[in-house]
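What follows is the content of target04.pdb (PDB, C-alpha atoms and all ligand atoms).
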```
ATOM      1  CA  MET S  24      -3.220 -13.349 -14.747  1.00  0.00           C
ATOM      2  CA  ALA S  25      -6.359 -15.406 -14.907  1.00  0.00           C
ATOM      3  CA  GLY S  26      -7.754 -13.261 -17.688  1.00  0.00           C
ATOM      4  CA  VAL S  27      -9.171 -10.585 -15.433  1.00  0.00           C
ATOM      5  CA  GLY S  28      -6.247  -8.162 -15.548  1.00  0.00           C
ATOM      6  CA  SER S  29      -7.964  -5.257 -17.201  1.00  0.00           C
ATOM      7  CA  VAL S  30     -11.364  -5.838 -15.648  1.00  0.00           C
ATOM      8  CA  ASP S  31     -10.330  -4.962 -12.106  1.00  0.00           C
ATOM      9  CA  GLY S  32      -9.005  -1.550 -13.252  1.00  0.00           C
ATOM     10  CA  VAL S  33      -5.943  -1.882 -11.015  1.00  0.00           C
ATOM     11  CA  ILE S  34      -2.496  -1.162 -12.443  1.00  0.00           C
ATOM     12  CA  PRO S  35       0.456  -2.306 -10.315  1.00  0.00           C
ATOM     13  CA  LEU S  36       3.420   0.081 -10.415  1.00  0.00           C
ATOM     14  CA  PRO S  37       6.553  -1.710  -9.168  1.00  0.00           C
ATOM     15  CA  LEU S  38       8.314   1.563  -8.375  1.00  0.00           C
ATOM     16  CA  THR S  39      11.194   0.458  -6.208  1.00  0.00           C
ATOM     17  CA  GLN S  40      13.441  -2.497  -5.508  1.00  0.00           C
ATOM     18  CA  VAL S  41      15.028  -2.434  -2.058  1.00  0.00           C
ATOM     19  CA  THR S  42      17.464  -4.634  -0.156  1.00  0.00           C
ATOM     20  CA  TRP S  43      16.026  -5.620   3.213  1.00  0.00           C
ATOM     21  CA  PRO S  44      18.404  -4.760   6.076  1.00  0.00           C
ATOM     22  CA  ASN S  45      19.583  -7.009   8.916  1.00  0.00           C
ATOM     23  CA  SER S  46      16.664  -6.049  11.135  1.00  0.00           C
ATOM     24  CA  HIS S  47      14.189  -7.374   8.547  1.00  0.00           C
ATOM     25  CA  PRO S  48      12.972 -11.006   8.375  1.00  0.00           C
ATOM     26  CA  LEU S  49      14.071 -11.104   4.720  1.00  0.00           C
ATOM     27  CA  ALA S  50      17.515  -9.629   5.474  1.00  0.00           C
ATOM     28  CA  GLY S  51      19.773  -9.379   2.445  1.00  0.00           C
ATOM     29  CA  GLN S  52      17.052 -10.198  -0.091  1.00  0.00           C
ATOM     30  CA  ARG S  53      15.871  -7.776  -2.749  1.00  0.00           C
ATOM     31  CA  GLY S  54      12.187  -6.973  -2.663  1.00  0.00           C
ATOM     32  CA  VAL S  55       9.641  -4.976  -4.611  1.00  0.00           C
ATOM     33  CA  VAL S  56       7.685  -1.981  -3.375  1.00  0.00           C
ATOM     34  CA  ASN S  57       4.530  -1.485  -5.430  1.00  0.00           C
ATOM     35  CA  ALA S  58       2.263   1.476  -5.769  1.00  0.00           C
ATOM     36  CA  PHE S  59      -1.078   1.047  -7.570  1.00  0.00           C
ATOM     37  CA  ALA S  60      -3.129   3.167  -9.924  1.00  0.00           C
ATOM     38  CA  ILE S  61      -6.874   2.554  -9.936  1.00  0.00           C
ATOM     39  CA  ARG S  62      -8.821   3.774 -12.938  1.00  0.00           C
ATOM     40  CA  ARG S  63     -12.219   5.204 -12.028  1.00  0.00           C
ATOM     41  CA  GLU S  64     -14.708   7.481 -13.728  1.00  0.00           C
ATOM     42  CA  GLU S  65     -13.341  10.400 -11.678  1.00  0.00           C
ATOM     43  CA  GLY S  66      -9.799   9.835 -12.961  1.00  0.00           C
ATOM     44  CA  VAL S  67      -6.991   7.898 -11.321  1.00  0.00           C
ATOM     45  CA  LEU S  68      -6.795   7.050  -7.640  1.00  0.00           C
ATOM     46  CA  LEU S  69      -3.217   6.377  -6.617  1.00  0.00           C
ATOM     47  CA  VAL S  70      -2.344   4.069  -3.744  1.00  0.00           C
ATOM     48  CA  ASP S  71       1.117   4.898  -2.337  1.00  0.00           C
ATOM     49  CA  THR S  72       3.948   6.775  -4.037  1.00  0.00           C
ATOM     50  CA  GLY S  73       7.114   4.705  -3.484  1.00  0.00           C
ATOM     51  CA  VAL S  74      10.482   5.555  -1.940  1.00  0.00           C
ATOM     52  CA  GLY S  75      11.477   9.214  -2.170  1.00  0.00           C
ATOM     53  CA  GLU S  76      14.835  10.788  -2.849  1.00  0.00           C
ATOM     54  CA  GLY S  77      17.275  12.780  -0.781  1.00  0.00           C
ATOM     55  CA  ASN S  78      17.322  10.770   2.426  1.00  0.00           C
ATOM     56  CA  PRO S  79      20.870   9.405   2.868  1.00  0.00           C
ATOM     57  CA  ARG S  80      19.920   6.982   5.619  1.00  0.00           C
ATOM     58  CA  THR S  81      17.222   5.162   3.666  1.00  0.00           C
ATOM     59  CA  ASP S  82      19.501   5.132   0.598  1.00  0.00           C
ATOM     60  CA  GLU S  83      22.300   3.542   2.607  1.00  0.00           C
ATOM     61  CA  VAL S  84      20.218   0.999   4.516  1.00  0.00           C
ATOM     62  CA  PHE S  85      17.788  -0.067   1.777  1.00  0.00           C
ATOM     63  CA  GLN S  86      19.764   0.662  -1.425  1.00  0.00           C
ATOM     64  CA  PRO S  87      16.610   1.556  -3.356  1.00  0.00           C
ATOM     65  CA  GLN S  88      16.532   1.297  -7.139  1.00  0.00           C
ATOM     66  CA  ARG S  89      13.727   3.556  -8.244  1.00  0.00           C
ATOM     67  CA  GLN S  90      11.623   4.008 -11.297  1.00  0.00           C
ATOM     68  CA  SER S  91      10.224   7.527 -11.499  1.00  0.00           C
ATOM     69  CA  LEU S  92       6.553   7.583 -10.577  1.00  0.00           C
ATOM     70  CA  THR S  93       5.872  10.050 -13.387  1.00  0.00           C
ATOM     71  CA  GLU S  94       7.378   7.652 -15.944  1.00  0.00           C
ATOM     72  CA  ALA S  95       5.668   4.614 -14.481  1.00  0.00           C
ATOM     73  CA  LEU S  96       2.305   6.347 -14.844  1.00  0.00           C
ATOM     74  CA  GLN S  97       3.159   7.559 -18.354  1.00  0.00           C
ATOM     75  CA  GLU S  98       3.751   3.969 -19.442  1.00  0.00           C
ATOM     76  CA  HIS S  99       0.043   3.470 -18.805  1.00  0.00           C
ATOM     77  CA  GLY S 100      -1.021   6.704 -20.468  1.00  0.00           C
ATOM     78  CA  ILE S 101      -1.583   8.444 -17.120  1.00  0.00           C
ATOM     79  CA  SER S 102      -0.308  11.936 -16.319  1.00  0.00           C
ATOM     80  CA  LEU S 103       0.121  13.354 -12.818  1.00  0.00           C
ATOM     81  CA  GLY S 104      -2.843  15.637 -13.504  1.00  0.00           C
ATOM     82  CA  ASP S 105      -5.121  12.612 -13.927  1.00  0.00           C
ATOM     83  CA  VAL S 106      -4.647  11.686 -10.255  1.00  0.00           C
ATOM     84  CA  PHE S 107      -7.560  13.007  -8.201  1.00  0.00           C
ATOM     85  CA  ALA S 108      -6.610  11.468  -4.848  1.00  0.00           C
ATOM     86  CA  VAL S 109      -3.914   9.431  -3.122  1.00  0.00           C
ATOM     87  CA  VAL S 110      -4.471   6.778  -0.438  1.00  0.00           C
ATOM     88  CA  HIS S 111      -1.809   5.356   1.859  1.00  0.00           C
ATOM     89  CA  GLY S 112      -2.010   1.938   3.458  1.00  0.00           C
ATOM     90  CA  HIS S 113       0.516   3.230   5.978  1.00  0.00           C
ATOM     91  CA  LEU S 114       3.229   5.858   6.204  1.00  0.00           C
ATOM     92  CA  HIS S 115       6.487   3.952   6.342  1.00  0.00           C
ATOM     93  CA  PHE S 116       9.246   5.456   4.199  1.00  0.00           C
ATOM     94  CA  ASP S 117       8.769   3.092   1.268  1.00  0.00           C
ATOM     95  CA  HIS S 118       5.192   4.185   0.541  1.00  0.00           C
ATOM     96  CA  CYS S 119       4.995   7.983   0.786  1.00  0.00           C
ATOM     97  CA  GLY S 120       8.205   9.241  -0.828  1.00  0.00           C
ATOM     98  CA  ASN S 121       6.702  11.049  -3.802  1.00  0.00           C
ATOM     99  CA  ASP S 122       3.664  12.644  -2.185  1.00  0.00           C
ATOM    100  CA  CYS S 123       5.155  16.045  -3.063  1.00  0.00           C
ATOM    101  CA  LEU S 124       4.129  15.420  -6.691  1.00  0.00           C
ATOM    102  CA  PHE S 125       0.524  15.880  -5.552  1.00  0.00           C
ATOM    103  CA  PRO S 126       0.044  19.354  -4.041  1.00  0.00           C
ATOM    104  CA  ASN S 127      -3.570  20.322  -3.372  1.00  0.00           C
ATOM    105  CA  ILE S 128      -4.711  16.758  -4.007  1.00  0.00           C
ATOM    106  CA  PRO S 129      -6.336  14.960  -1.054  1.00  0.00           C
ATOM    107  CA  ILE S 130      -4.113  12.272   0.469  1.00  0.00           C
ATOM    108  CA  TYR S 131      -6.060   9.885   2.698  1.00  0.00           C
ATOM    109  CA  VAL S 132      -4.598   8.213   5.783  1.00  0.00           C
ATOM    110  CA  GLN S 133      -6.081   6.931   9.016  1.00  0.00           C
ATOM    111  CA  ARG S 134      -5.857   9.568  11.779  1.00  0.00           C
ATOM    112  CA  ARG S 135      -4.097   7.090  14.069  1.00  0.00           C
ATOM    113  CA  GLU S 136      -1.470   6.423  11.414  1.00  0.00           C
ATOM    114  CA  TRP S 137      -0.903  10.112  10.832  1.00  0.00           C
ATOM    115  CA  GLU S 138      -0.458  10.837  14.547  1.00  0.00           C
ATOM    116  CA  VAL S 139       1.952   7.989  15.193  1.00  0.00           C
ATOM    117  CA  ALA S 140       3.891   8.603  11.997  1.00  0.00           C
ATOM    118  CA  ARG S 141       4.276  12.305  12.718  1.00  0.00           C
ATOM    119  CA  GLU S 142       5.574  11.568  16.222  1.00  0.00           C
ATOM    120  CA  GLY S 143       7.998   8.987  14.966  1.00  0.00           C
ATOM    121  CA  TYR S 144       8.927   7.670  11.614  1.00  0.00           C
ATOM    122  CA  VAL S 145       7.914  10.260   9.042  1.00  0.00           C
ATOM    123  CA  SER S 146       9.009  13.222  11.103  1.00  0.00           C
ATOM    124  CA  LEU S 147      12.544  12.104  10.239  1.00  0.00           C
ATOM    125  CA  LEU S 148      11.754  12.608   6.570  1.00  0.00           C
ATOM    126  CA  ASP S 149      10.678  15.664   4.626  1.00  0.00           C
ATOM    127  CA  TRP S 150       8.441  13.715   2.312  1.00  0.00           C
ATOM    128  CA  VAL S 151       5.116  14.676   3.861  1.00  0.00           C
ATOM    129  CA  ASP S 152       5.975  18.340   4.446  1.00  0.00           C
ATOM    130  CA  PHE S 153       5.563  20.144   1.150  1.00  0.00           C
ATOM    131  CA  ASP S 154       3.712  23.166  -0.167  1.00  0.00           C
ATOM    132  CA  GLY S 155       0.084  22.296  -0.755  1.00  0.00           C
ATOM    133  CA  ALA S 156       0.154  19.053   1.270  1.00  0.00           C
ATOM    134  CA  ASP S 157      -3.471  18.087   1.886  1.00  0.00           C
ATOM    135  CA  TYR S 158      -3.540  15.056   4.191  1.00  0.00           C
ATOM    136  CA  ARG S 159      -7.069  13.998   5.141  1.00  0.00           C
ATOM    137  CA  GLN S 160      -7.284  12.000   8.357  1.00  0.00           C
ATOM    138  CA  LEU S 161      -9.897   9.276   8.460  1.00  0.00           C
ATOM    139  CA  ASP S 162     -11.502   7.606  11.463  1.00  0.00           C
ATOM    140  CA  GLY S 163     -12.275   4.077  10.389  1.00  0.00           C
ATOM    141  CA  ILE S 164     -14.066   2.840   7.279  1.00  0.00           C
ATOM    142  CA  ALA S 165     -14.521   5.528   4.627  1.00  0.00           C
ATOM    143  CA  GLU S 166     -15.736   5.665   1.040  1.00  0.00           C
ATOM    144  CA  ILE S 167     -13.209   7.587  -1.066  1.00  0.00           C
ATOM    145  CA  VAL S 168     -15.378   7.530  -4.196  1.00  0.00           C
ATOM    146  CA  PRO S 169     -18.381   5.315  -4.923  1.00  0.00           C
ATOM    147  CA  GLY S 170     -17.190   1.722  -5.065  1.00  0.00           C
ATOM    148  CA  VAL S 171     -13.809   2.366  -3.422  1.00  0.00           C
ATOM    149  CA  ARG S 172     -13.486   2.292   0.366  1.00  0.00           C
ATOM    150  CA  VAL S 173     -10.766   1.989   2.938  1.00  0.00           C
ATOM    151  CA  LEU S 174     -10.902  -0.478   5.790  1.00  0.00           C
ATOM    152  CA  PRO S 175      -8.669  -0.177   8.870  1.00  0.00           C
ATOM    153  CA  THR S 176      -6.352  -3.210   9.103  1.00  0.00           C
ATOM    154  CA  PRO S 177      -4.052  -2.524  12.062  1.00  0.00           C
ATOM    155  CA  GLY S 178      -1.169  -4.835  12.860  1.00  0.00           C
ATOM    156  CA  HIS S 179       1.843  -3.877  10.806  1.00  0.00           C
ATOM    157  CA  THR S 180       1.277  -0.317  12.027  1.00  0.00           C
ATOM    158  CA  VAL S 181      -1.524   0.925  14.281  1.00  0.00           C
ATOM    159  CA  GLY S 182      -3.218   2.895  11.519  1.00  0.00           C
ATOM    160  CA  HIS S 183      -2.740   0.582   8.553  1.00  0.00           C
ATOM    161  CA  GLN S 184      -5.649   0.439   6.099  1.00  0.00           C
ATOM    162  CA  ALA S 185      -6.599  -1.668   3.063  1.00  0.00           C
ATOM    163  CA  VAL S 186      -8.432  -0.478  -0.048  1.00  0.00           C
ATOM    164  CA  VAL S 187     -11.490  -2.442  -1.167  1.00  0.00           C
ATOM    165  CA  ILE S 188     -12.802  -1.887  -4.693  1.00  0.00           C
ATOM    166  CA  ASP S 189     -16.112  -3.047  -6.139  1.00  0.00           C
ATOM    167  CA  THR S 190     -15.473  -4.322  -9.666  1.00  0.00           C
ATOM    168  CA  PRO S 191     -17.440  -6.285 -12.249  1.00  0.00           C
ATOM    169  CA  ILE S 192     -15.528  -9.417 -11.191  1.00  0.00           C
ATOM    170  CA  GLY S 193     -16.152  -8.985  -7.443  1.00  0.00           C
ATOM    171  CA  SER S 194     -14.267  -7.282  -4.640  1.00  0.00           C
ATOM    172  CA  VAL S 195     -10.641  -6.492  -5.318  1.00  0.00           C
ATOM    173  CA  VAL S 196      -8.486  -5.760  -2.275  1.00  0.00           C
ATOM    174  CA  LEU S 197      -5.264  -3.795  -2.129  1.00  0.00           C
ATOM    175  CA  ALA S 198      -4.007  -5.295   1.098  1.00  0.00           C
ATOM    176  CA  GLY S 199      -0.900  -3.142   1.480  1.00  0.00           C
ATOM    177  CA  GLN S 200       1.319  -4.928   3.976  1.00  0.00           C
ATOM    178  CA  VAL S 201      -1.361  -6.835   5.944  1.00  0.00           C
ATOM    179  CA  PRO S 202      -0.655  -9.623   5.079  1.00  0.00           C
ATOM    180  CA  TYR S 203       2.799  -9.403   3.626  1.00  0.00           C
ATOM    181  CA  ASP S 204       2.469 -11.437   0.446  1.00  0.00           C
ATOM    182  CA  VAL S 205       0.541 -14.119  -1.466  1.00  0.00           C
ATOM    183  CA  ALA S 206       2.191 -16.942   0.498  1.00  0.00           C
ATOM    184  CA  GLU S 207       1.088 -15.508   3.823  1.00  0.00           C
ATOM    185  CA  TRP S 208      -2.436 -14.852   2.510  1.00  0.00           C
ATOM    186  CA  ARG S 209      -2.704 -18.504   1.442  1.00  0.00           C
ATOM    187  CA  TYR S 210      -1.390 -19.754   4.757  1.00  0.00           C
ATOM    188  CA  VAL S 211      -3.787 -17.706   6.886  1.00  0.00           C
ATOM    189  CA  ARG S 212      -6.713 -18.517   4.612  1.00  0.00           C
ATOM    190  CA  GLN S 213      -6.048 -22.213   5.169  1.00  0.00           C
ATOM    191  CA  ALA S 214      -5.036 -22.216   8.832  1.00  0.00           C
ATOM    192  CA  ARG S 215      -6.864 -19.127  10.147  1.00  0.00           C
ATOM    193  CA  ALA S 216      -3.676 -18.551  12.113  1.00  0.00           C
ATOM    194  CA  LEU S 217      -0.258 -17.035  11.487  1.00  0.00           C
ATOM    195  CA  SER S 218       2.614 -19.354  10.681  1.00  0.00           C
ATOM    196  CA  ALA S 219       5.213 -19.735  13.436  1.00  0.00           C
ATOM    197  CA  ASP S 220       7.780 -17.808  11.439  1.00  0.00           C
ATOM    198  CA  SER S 221       5.454 -14.935  10.563  1.00  0.00           C
ATOM    199  CA  ASP S 222       6.728 -11.832  12.279  1.00  0.00           C
ATOM    200  CA  GLY S 223       3.216 -10.347  12.190  1.00  0.00           C
ATOM    201  CA  ALA S 224       4.968  -7.853   9.963  1.00  0.00           C
ATOM    202  CA  SER S 225       6.884  -6.591  12.984  1.00  0.00           C
ATOM    203  CA  GLY S 226       3.852  -4.978  14.614  1.00  0.00           C
ATOM    204  CA  ASP S 227       0.976  -6.234  16.765  1.00  0.00           C
ATOM    205  CA  ARG S 228       0.607  -9.943  15.916  1.00  0.00           C
ATOM    206  CA  GLU S 229      -2.878 -10.360  17.299  1.00  0.00           C
ATOM    207  CA  ALA S 230      -4.269  -7.296  15.548  1.00  0.00           C
ATOM    208  CA  TYR S 231      -2.451  -8.328  12.388  1.00  0.00           C
ATOM    209  CA  LEU S 232      -4.089 -11.764  12.324  1.00  0.00           C
ATOM    210  CA  ALA S 233      -7.529 -10.251  13.014  1.00  0.00           C
ATOM    211  CA  SER S 234      -7.016  -7.799  10.142  1.00  0.00           C
ATOM    212  CA  VAL S 235      -5.973 -10.501   7.685  1.00  0.00           C
ATOM    213  CA  LEU S 236      -8.976 -12.628   8.665  1.00  0.00           C
ATOM    214  CA  ALA S 237     -11.299  -9.642   8.176  1.00  0.00           C
ATOM    215  CA  LEU S 238     -10.000  -9.287   4.608  1.00  0.00           C
ATOM    216  CA  ILE S 239     -10.305 -13.036   3.964  1.00  0.00           C
ATOM    217  CA  ASP S 240     -13.910 -12.937   5.158  1.00  0.00           C
ATOM    218  CA  ILE S 241     -14.753 -10.363   2.480  1.00  0.00           C
ATOM    219  CA  GLU S 242     -14.080 -13.265   0.075  1.00  0.00           C
ATOM    220  CA  PRO S 243     -12.330 -11.061  -2.471  1.00  0.00           C
ATOM    221  CA  ARG S 244     -11.918 -12.113  -6.069  1.00  0.00           C
ATOM    222  CA  ARG S 245      -8.378 -10.758  -6.206  1.00  0.00           C
ATOM    223  CA  VAL S 246      -5.887  -9.410  -3.695  1.00  0.00           C
ATOM    224  CA  TRP S 247      -2.808  -7.282  -4.440  1.00  0.00           C
ATOM    225  CA  PHE S 248       0.109  -6.840  -2.054  1.00  0.00           C
ATOM    226  CA  THR S 249       2.608  -4.015  -1.737  1.00  0.00           C
ATOM    227  CA  HIS S 250       5.579  -6.371  -1.522  1.00  0.00           C
ATOM    228  CA  ASP S 251       4.643  -9.111  -3.991  1.00  0.00           C
ATOM    229  CA  ASP S 252       4.920  -9.078  -7.774  1.00  0.00           C
ATOM    230  CA  GLU S 253       1.777 -11.127  -8.289  1.00  0.00           C
ATOM    231  CA  PRO S 254      -1.767 -10.877  -6.985  1.00  0.00           C
ATOM    232  CA  TRP S 255      -3.739 -13.736  -5.464  1.00  0.00           C
ATOM    233  CA  ASP S 256      -6.822 -14.844  -7.386  1.00  0.00           C
ATOM    234  CA  ARG S 257      -9.723 -16.856  -6.018  1.00  0.00           C
ATOM    235  CA  ASP S 258     -10.201 -20.084  -7.975  1.00  0.00           C
TER     236      ASP S 258
HETATM  237 ZN    ZN Q   1       5.776  -0.839   6.452  1.00  0.00          ZN
END
```
Turn this file's structure into structure tokens for me.
Amino acid sequence: MAGVGSVDGVIPLPLTQVTWPNSHPLAGQRGVVNAFAIRREEGVLLVDTGVGEGNPRTDEVFQPQRQSLTEALQEHGISLGDVFAVVHGHLHFDHCGNDCLFPNIPIYVQRREWEVAREGYVSLLDWVDFDGADYRQLDGIAEIVPGVRVLPTPGHTVGHQAVVIDTPIGSVVLAGQVPYDVAEWRYVRQARALSADSDGASGDREAYLASVLALIDIEPRRVWFTHDDEPWDRD
């Protein structure tokens, strides 16, 4: 990985493989759902927690194959107690399923995302209702710890956010699901438009494009995606 793997301090955790259902542009294909651990002086900042257990509908529709988050962290010498905060790009089912492992730890989401998710998609799940849940609702850009900030990137959902990290090699972006993967990042970077077959990640296409362009204009050194095995690296 271009020899900068350890320098950016970001550890991808490919927690879940899912099968995309008929309603998805990649219907029938298997796909990865990553979480990320970011090593900082304060400890470990976790971005997303993967698909949870105990929801028959998501199990049936997406056929998730999970690696335990606890084990995935252990493989990198990280214990749950090392995690000082969690950040969510957005609150769809495949990103917040193991939040219950982090009682009394701040979990950062955009306020807009929280409101919409509570009215709709996560209210169907129990994964965000647990003893000690400490969701912190943000209004726009926020610094989580020095050198790590979130940036609203609406489009896939109304309250989607990216994580931008200052590192010795330049800015590293955890784009979440805006854009979807390396291929889409490359396309938009070249064309400054979405490809005809982009579904704008099934949300607001115009907002989605504006969000991707805002990330491109940061000129990051590296970008990680929730649903891609590999990051994109600037030449
Ligand atoms: Zn999503």
message: So, with all atoms listed in the file as the atoms that count, which of S:Leu38, S:Leu161, S:Cys119, S:Ile128 lies closest to ligand ZN 1 (chain Q)?
response: S:Cys119
message: Show me which residues are within 7 Å of ligand ZN 1 (chain Q) counting only C-alpha atoms and all ligand atoms, and format the list as JSON, numbers by chain.
response: {"S": [113, 115, 179, 200]}
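The nearest approach to S:Pro191 among the residues S:Val30, S:Val246, S:Ile239, S:Ala165, with only C-alpha atoms taken into account, belongs to S:Val30.
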message: Could you list, as an MDAnalysis selection string, every residue within 10 Å of S:Ala58, counting only C-alpha atoms and ignoring same-chain residues fewer than 4 positions away?
response: chainID S and resid 34:39 69:74 92 95 111 117:119 197 199 248:250
message: Calculated over all atoms listed in the file, which of the candidates S:Val132, S:Val145, S:Ile188, S:Val181 has the smallest distance to S:Arg63?
response: S:Ile188
query: Near S:Thr180, counting all atoms listed in the file, which residues have an atom at most 10 Å away, once you skip same-chain residues fewer than 4 positions from it, shown as a PyMOL selection string?
result: chain S and resi 112-115+135-136+139-140+176+184+200-201+224-227+230-231
task: Kindly resolve the PyMOL selection byres (((chain S and resi 163) around 9) and not hetatm) on the present coordinates and return the residues as a ChimeraX atom specification.
output: /S:133-134,161-162,164-165,173-175,184
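Going from atom CA of S:Gly75 over to atom CA of S:Ser46, you cover 20.9 Å.
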query: So, counting all atoms listed in the file, which residue among S:Leu236, S:Val55, S:Leu124, S:Val168 is closest to S:Thr42?
result: S:Val55
Residues in the PyMOL selection byres (((chain S and resi 152) around 12) and not hetatm), expressed as a CSV table (one decimal) with C-alpha atoms, in the frame of the given file:
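Written out: selection29.csv:
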```
chain,number,residue,atom,x,y,z
S,119,CYS,CA,5.0,8.0,0.8
S,120,GLY,CA,8.2,9.2,-0.8
S,121,ASN,CA,6.7,11.0,-3.8
S,122,ASP,CA,3.7,12.6,-2.2
S,123,CYS,CA,5.2,16.0,-3.1
S,124,LEU,CA,4.1,15.4,-6.7
S,125,PHE,CA,0.5,15.9,-5.6
S,126,PRO,CA,0.0,19.4,-4.0
S,141,ARG,CA,4.3,12.3,12.7
S,145,VAL,CA,7.9,10.3,9.0
S,146,SER,CA,9.0,13.2,11.1
S,147,LEU,CA,12.5,12.1,10.2
S,148,LEU,CA,11.8,12.6,6.6
S,149,ASP,CA,10.7,15.7,4.6
S,150,TRP,CA,8.4,13.7,2.3
S,151,VAL,CA,5.1,14.7,3.9
S,153,PHE,CA,5.6,20.1,1.2
S,154,ASP,CA,3.7,23.2,-0.2
S,155,GLY,CA,0.1,22.3,-0.8
S,156,ALA,CA,0.2,19.1,1.3
S,157,ASP,CA,-3.5,18.1,1.9
S,158,TYR,CA,-3.5,15.1,4.2
```
field: S:Leu49, S:Val109, S:Arg80, S:Gln40 ranked by distance to S:Asp222, top pick (using all atoms listed in the file)
entry: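 Comparing S:Leu49, S:Val109, S:Arg80, S:Gln40 against S:Asp222, the winner is S:Leu49.
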Two-atom distance - atom CA of S:Gly77, atom CA of S:Glu98 (Å):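 Interatomic distance, atom CA of S:Gly77 to atom CA of S:Glu98: 24.7 Å.
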message: Measuring between all atoms listed in the file, which one of S:Pro202, S:Gly182, S:Pro87, S:Pro79 shows the shortest distance to S:Arg53?
response: S:Pro87
field: Separation of atom CA of S:Val171 from atom CA of S:Phe107, in Å and rounded to one decimal
entry: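 These two atoms are separated by 13.2 Å.
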task: Take the PyMOL selection byres (((chain S and resi 241) around 10) and not hetatm), apply it to the structure above, and return the hits as an NGL selection string.
output: :S and (187 or 194-196 or 236-240 or 242-244)
